[in-house]
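Peer 1: What follows is work_36.tsv, TSV, C-alpha atoms.
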chain	number	residue	atom	x	y	z
I	17	PRO	CA	-51.61	55.28	147.47
I	18	SER	CA	-55.30	55.74	146.66
I	19	TYR	CA	-55.52	52.43	144.78
I	20	LEU	CA	-55.19	50.61	148.12
I	21	ASP	CA	-58.76	51.66	148.86
I	22	ASN	CA	-59.95	49.26	146.17
I	23	ILE	CA	-58.02	46.13	147.18
I	24	ASP	CA	-57.88	43.83	150.20
I	25	LEU	CA	-54.12	43.24	150.29
I	26	LEU	CA	-51.00	44.12	148.32
I	27	VAL	CA	-48.13	41.63	148.63
I	28	ARG	CA	-44.75	42.99	147.61
I	29	GLU	CA	-41.03	42.32	147.89
I	30	HIS	CA	-38.23	44.76	148.78
I	31	ASN	CA	-39.22	46.49	151.97
I	32	HIS	CA	-39.42	50.29	151.92
I	33	LYS	CA	-40.39	52.48	154.89
I	34	MET	CA	-42.44	54.76	152.63
I	35	LEU	CA	-44.65	51.78	151.77
I	36	ASP	CA	-45.67	50.88	155.31
I	37	HIS	CA	-49.45	50.47	155.22
I	38	PRO	CA	-51.94	48.09	156.88
I	39	LYS	CA	-52.91	46.73	153.46
I	40	ILE	CA	-49.33	46.03	152.36
I	41	LEU	CA	-47.72	42.73	153.30
I	42	HIS	CA	-43.99	42.58	152.73
I	43	LYS	CA	-42.75	39.14	151.71
I	44	PRO	CA	-39.25	37.66	151.51
I	45	LEU	CA	-37.45	37.30	148.22
I	46	PRO	CA	-38.02	33.74	146.97
I	47	VAL	CA	-35.49	31.21	145.78
I	48	ASN	CA	-34.94	31.43	142.05
I	49	CYS	CA	-36.22	28.20	140.50
I	50	ARG	CA	-37.43	29.13	137.04
I	51	ASN	CA	-35.85	32.39	135.94
I	52	ASN	CA	-32.29	31.81	134.84
I	53	ILE	CA	-30.62	34.84	136.39
I	54	LEU	CA	-27.34	33.09	137.04
I	55	GLY	CA	-26.23	31.54	133.78
I	56	SER	CA	-26.86	31.02	130.10
I	57	SER	CA	-28.96	27.85	130.15
I	58	GLY	CA	-32.62	27.31	130.93
I	59	GLY	CA	-34.16	27.83	134.34
I	60	LEU	CA	-34.24	25.28	137.12
I	61	ASP	CA	-37.49	23.45	137.82
I	62	ALA	CA	-38.56	23.31	141.45
I	63	PRO	CA	-38.22	19.51	141.86
I	64	GLU	CA	-34.53	19.76	140.94
I	65	PHE	CA	-34.01	22.59	143.40
I	66	TYR	CA	-35.59	20.68	146.27
I	67	GLU	CA	-33.14	17.83	145.93
I	68	PHE	CA	-30.63	20.20	147.55
I	69	THR	CA	-32.82	21.63	150.31
I	70	GLY	CA	-34.42	20.78	153.62
I	71	THR	CA	-33.89	17.26	154.90
I	72	ASN	CA	-32.27	16.39	151.56
I	73	SER	CA	-29.32	18.65	152.34
I	74	LEU	CA	-26.09	17.28	153.76
I	75	PRO	CA	-25.11	17.73	157.42
I	76	LEU	CA	-22.94	20.84	157.64
I	77	ASP	CA	-19.86	18.98	158.86
I	78	LYS	CA	-20.02	16.70	155.81
I	79	ARG	CA	-19.91	19.55	153.30
I	80	LYS	CA	-16.99	20.32	151.03
I	81	TYR	CA	-16.78	24.13	151.28
I	82	THR	CA	-16.20	26.23	154.40
I	83	LEU	CA	-17.26	29.57	152.87
I	84	ASN	CA	-19.30	30.25	149.77
I	85	PHE	CA	-19.78	33.37	147.69
I	86	LEU	CA	-20.42	33.35	143.95
I	87	GLY	CA	-21.57	36.69	142.57
I	88	SER	CA	-20.73	40.09	141.16
I	89	SER	CA	-18.10	42.25	142.81
I	90	ASN	CA	-19.48	45.67	141.91
I	91	ALA	CA	-22.35	46.16	144.36
I	92	GLY	CA	-22.73	47.36	147.93
I	93	ASP	CA	-19.83	46.65	150.27
I	94	ARG	CA	-18.39	43.72	148.34
I	95	ASP	CA	-14.98	45.35	147.90
I	96	GLN	CA	-14.58	45.41	151.66
I	97	MET	CA	-15.69	41.77	151.85
I	98	GLN	CA	-13.03	40.79	149.31
I	99	ASN	CA	-10.35	42.62	151.28
I	100	SER	CA	-11.35	40.82	154.48
I	101	LEU	CA	-11.36	37.45	152.73
I	102	LYS	CA	-7.74	37.97	151.67
I	103	LYS	CA	-6.76	38.17	155.35
I	104	LEU	CA	-8.18	34.77	156.27
I	105	ARG	CA	-5.97	31.73	156.79
I	106	LYS	CA	-4.79	29.93	153.69
I	107	ASP	CA	-6.44	26.66	154.68
I	108	THR	CA	-9.82	28.43	155.11
I	109	LEU	CA	-9.57	29.99	151.66
I	110	GLU	CA	-8.44	26.73	150.04
I	111	SER	CA	-11.47	24.93	151.48
I	112	SER	CA	-13.90	27.62	150.31
I	113	LEU	CA	-15.71	28.35	147.05
I	114	LEU	CA	-15.29	32.03	146.24
I	115	GLY	CA	-15.88	33.60	142.85
I	116	PHE	CA	-16.45	37.17	141.72
I	117	THR	CA	-17.81	38.33	138.38
I	118	SER	CA	-17.99	41.79	136.86
I	119	HIS	CA	-21.74	41.77	136.23
I	120	PHE	CA	-24.96	40.37	137.67
I	121	ALA	CA	-26.25	37.16	136.03
I	122	THR	CA	-22.90	36.08	134.61
I	123	GLY	CA	-22.01	33.41	137.16
I	124	ALA	CA	-22.82	29.72	137.62
I	125	LYS	CA	-25.78	27.98	136.05
I	126	LEU	CA	-28.68	27.55	138.43
I	127	TYR	CA	-28.35	23.80	138.96
I	128	ASP	CA	-24.64	24.12	139.68
I	129	TYR	CA	-25.23	27.15	141.92
I	130	TYR	CA	-27.64	25.27	144.19
I	131	ALA	CA	-25.42	22.21	144.18
I	132	TYR	CA	-22.57	24.43	145.42
I	133	LEU	CA	-24.77	25.93	148.13
I	134	SER	CA	-25.73	22.45	149.31
I	135	GLN	CA	-22.02	21.66	149.71
I	136	SER	CA	-21.27	24.84	151.69
I	137	GLN	CA	-21.24	25.37	155.44
I	138	ILE	CA	-21.29	29.20	155.54
I	139	VAL	CA	-22.67	31.52	152.87
I	140	LEU	CA	-21.60	35.16	152.76
I	141	CYS	CA	-24.57	37.41	151.96
I	142	PRO	CA	-23.51	40.99	151.19
I	143	ARG	CA	-26.16	43.41	150.00
I	144	GLY	CA	-26.57	43.89	146.27
I	145	GLY	CA	-28.60	46.58	144.56
I	146	ALA	CA	-30.92	46.38	147.57
I	147	PRO	CA	-30.37	45.22	151.16
I	148	GLU	CA	-32.47	42.08	150.67
I	149	THR	CA	-31.04	39.36	148.44
I	150	PHE	CA	-32.10	36.07	146.89
I	151	ARG	CA	-28.91	34.56	148.31
I	152	TYR	CA	-30.16	35.00	151.89
I	153	THR	CA	-33.26	32.89	151.24
I	154	GLU	CA	-31.45	30.35	149.08
I	155	ALA	CA	-28.71	29.76	151.65
I	156	PHE	CA	-31.15	29.06	154.46
I	157	ALA	CA	-33.19	26.80	152.16
I	158	CYS	CA	-30.06	24.68	151.76
I	159	GLY	CA	-29.44	24.63	155.52
I	160	CYS	CA	-26.35	26.85	155.37
I	161	SER	CA	-25.21	29.25	158.06
I	162	VAL	CA	-25.40	32.87	156.88
I	163	ILE	CA	-23.14	35.85	157.53
I	164	THR	CA	-24.33	39.27	156.41
I	165	THR	CA	-23.76	42.96	157.08
I	166	CYS	CA	-27.30	44.03	156.22
I	167	ASP	CA	-29.36	45.35	159.10
I	168	LEU	CA	-32.41	43.13	159.11
I	169	PRO	CA	-35.59	45.24	158.99
I	170	ASP	CA	-38.30	44.75	161.60
I	171	LEU	CA	-40.40	42.45	159.40
I	172	TRP	CA	-42.11	39.18	160.21
I	173	TYR	CA	-39.75	37.05	158.12
I	174	PHE	CA	-36.59	38.42	159.75
I	175	LYS	CA	-37.74	37.76	163.31
I	176	ASP	CA	-35.72	34.98	164.97
I	177	SER	CA	-33.28	34.91	162.04
I	178	PRO	CA	-30.20	32.77	162.79
I	179	ALA	CA	-28.07	34.97	160.50
I	180	ILE	CA	-24.85	36.40	161.93
I	181	VAL	CA	-25.07	40.16	161.32
I	182	LEU	CA	-21.76	42.05	161.27
I	183	ARG	CA	-21.33	45.81	161.52
I	184	ASP	CA	-19.10	45.60	158.43
I	185	TRP	CA	-16.92	43.03	156.69
I	186	SER	CA	-13.83	43.99	158.70
I	187	GLU	CA	-15.35	41.71	161.37
I	188	LEU	CA	-14.99	38.69	159.08
I	189	THR	CA	-12.02	37.01	160.77
I	190	ASP	CA	-10.68	33.50	161.28
I	191	ASP	CA	-12.00	33.54	164.86
I	192	LEU	CA	-15.48	34.44	163.62
I	193	VAL	CA	-15.46	31.68	161.01
I	194	GLU	CA	-14.42	29.14	163.64
I	195	SER	CA	-17.15	30.36	165.99
I	196	VAL	CA	-19.84	30.07	163.31
I	197	LEU	CA	-18.68	26.58	162.35
I	198	ALA	CA	-18.73	25.47	165.99
I	199	SER	CA	-22.31	26.68	166.52
I	200	ALA	CA	-23.70	25.76	163.09
I	201	ASP	CA	-27.14	24.16	163.18
I	202	ARG	CA	-28.54	22.90	159.87
I	203	GLU	CA	-31.89	21.94	161.38
I	204	LYS	CA	-32.35	25.41	162.88
I	205	ASN	CA	-31.48	27.05	159.55
I	206	ILE	CA	-33.93	24.86	157.67
I	207	ALA	CA	-36.66	25.43	160.25
I	208	TYR	CA	-36.20	29.18	159.89
I	209	TYR	CA	-36.49	28.92	156.10
I	210	GLN	CA	-39.60	26.78	156.29
I	211	GLY	CA	-41.29	28.94	158.92
I	212	SER	CA	-40.34	32.39	157.62
I	213	LEU	CA	-38.92	32.42	154.08
I	214	SER	CA	-40.68	29.65	152.16
I	215	ASP	CA	-43.68	30.08	149.85
I	216	GLU	CA	-45.76	28.19	152.41
I	217	ALA	CA	-44.81	30.69	155.12
I	218	THR	CA	-45.82	33.61	152.90
I	219	THR	CA	-49.10	31.90	152.03
I	220	GLN	CA	-49.87	31.48	155.73
I	221	GLN	CA	-49.18	35.16	156.36
I	222	ILE	CA	-51.49	36.16	153.51
I	223	LEU	CA	-54.30	33.97	154.85
I	224	GLU	CA	-53.87	35.31	158.37
I	225	LYS	CA	-53.81	38.90	157.13
I	226	LEU	CA	-56.92	38.48	155.03
I	227	GLY	CA	-58.62	36.65	157.87
I	228	ASP	CA	-57.81	39.42	160.32
I	229	ASP	CA	-59.09	42.08	157.94
I	230	ASN	CA	-62.35	40.26	157.20
I	231	THR	CA	-63.39	39.31	160.72
Please render this file's structure as structure tokens.

Peer 2:
Amino acid sequence: PSYLDNIDLLVREHNHKMLDHPKILHKPLPVNCRNNILGSSGGLDAPEFYEFTGTNSLPLDKRKYTLNFLGSSNAGDRDQMQNSLKKLRKDTLESSLLGFTSHFATGAKLYDYYAYLSQSQIVLCPRGGAPETFRYTEAFACGCSVITTCDLPDLWYFKDSPAIVLRDWSELTDDLVESVLASADREKNIAYYQGSLSDEATTQQILEKLGDDNT
């Protein structure tokens, strides 16, 4: 686009191959702290969100829920995910928090949503209207292990991602869940969030990019 000639850097979300350009920095989707996209009450202030994240989060083996997914059922490959979930052992399902709604933004209130994430060991992150999702960032912020079927683009914030990437949801089995639980590493998940997905990580990338372009 010609307007890029008049700016130093454009920072945008939602990666798109047609928008690859030296002056465009792709950034991860942030956690949702202030816009109430998940319920009917007011938004969540950042200090309340951070009580559930980082070193404030519980060790994974102390958490209540094995698997977590709360979201709409009518996007991407979520039908296949639901079918695979039905095949898991009864005890796994009974220890998990799984809820499907018919529309986006009709689920849990933000405070409750992050409280649930902080009590979850594994978060399922199917794609929504786009491959990248808020859930991916939010889960890592809370130290959760992440399972997804989205091919992670070759972008700075996906490098060294600890996410378990499946070819499709038919690979979601009891053996896989047990393997993820056995290798779960809250500190590694939090470190990845802080170094790649947090606002501070994006700020550092912006400063480095501007510094490189102005030297």

Peer 1: Quick one: distance from atom CA of Gln98 of chain I to atom CA of Phe65 of chain I in Å, one decimal?

Peer 2: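 Computed distance, atom CA of Gln98 of chain I to atom CA of Phe65 of chain I, equals 28.4 Å.
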
Peer 1: Fewer than 5 positions away in the same chain doesn't count, so skip those; otherwise give me all residues within 12 Å of Glu216 of chain I, counting all atoms listed in the file, as a CSV table (one decimal) with C-alpha atoms, in the frame of the given file.

Peer 2:
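Final output, out_24.csv:
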chain,number,residue,atom,x,y,z
I,43,LYS,CA,-42.8,39.1,151.7
I,44,PRO,CA,-39.2,37.7,151.5
I,46,PRO,CA,-38.0,33.7,147.0
I,209,TYR,CA,-36.5,28.9,156.1
I,210,GLN,CA,-39.6,26.8,156.3
I,211,GLY,CA,-41.3,28.9,158.9
I,221,GLN,CA,-49.2,35.2,156.4
I,222,ILE,CA,-51.5,36.2,153.5
I,223,LEU,CA,-54.3,34.0,154.8

Peer 1: Contacts of Ser111 of chain I at 9 Å or less, counting only C-alpha atoms, minus same-chain residues fewer than 2 places along, as a PyMOL selection string?

Peer 2: chain I and resi 80-83+106-109+113

Peer 1: If you count only C-alpha atoms, which residues fall within 12 Å of Ala91 of chain I, apart from same-chain ones fewer than 3 positions away, as number ranges by chain?

Peer 2: I: 87-88, 94-98, 116-120, 141-147, 149

Peer 1: Could you check which of I:Glu194, I:Glu224, I:Phe150, I:Ala155 is closest to Glu29 of chain I, using only C-alpha atoms?

Peer 2: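 Selected residue with least distance to Glu29 of chain I: I:Phe150.
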
Peer 1: Take atom CA of Thr165 of chain I and atom CA of His30 of chain I and report the distance between them in Å, one decimal.

Peer 2: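 Atom CA of Thr165 of chain I sits 16.8 Å away from atom CA of His30 of chain I.
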
Peer 1: Calculated over only C-alpha atoms, which of the candidates I:Arg105, I:Arg183, I:Lys78, I:Lys225 has the smallest distance to Ile40 of chain I?

Peer 2: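 Closest residue, counting only C-alpha atoms: I:Lys225.
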
Peer 1: Mind pulling up the distance from atom CA of Gln137 of chain I to atom CA of Leu76 of chain I?

Peer 2: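 These two atoms are separated by 5.3 Å.
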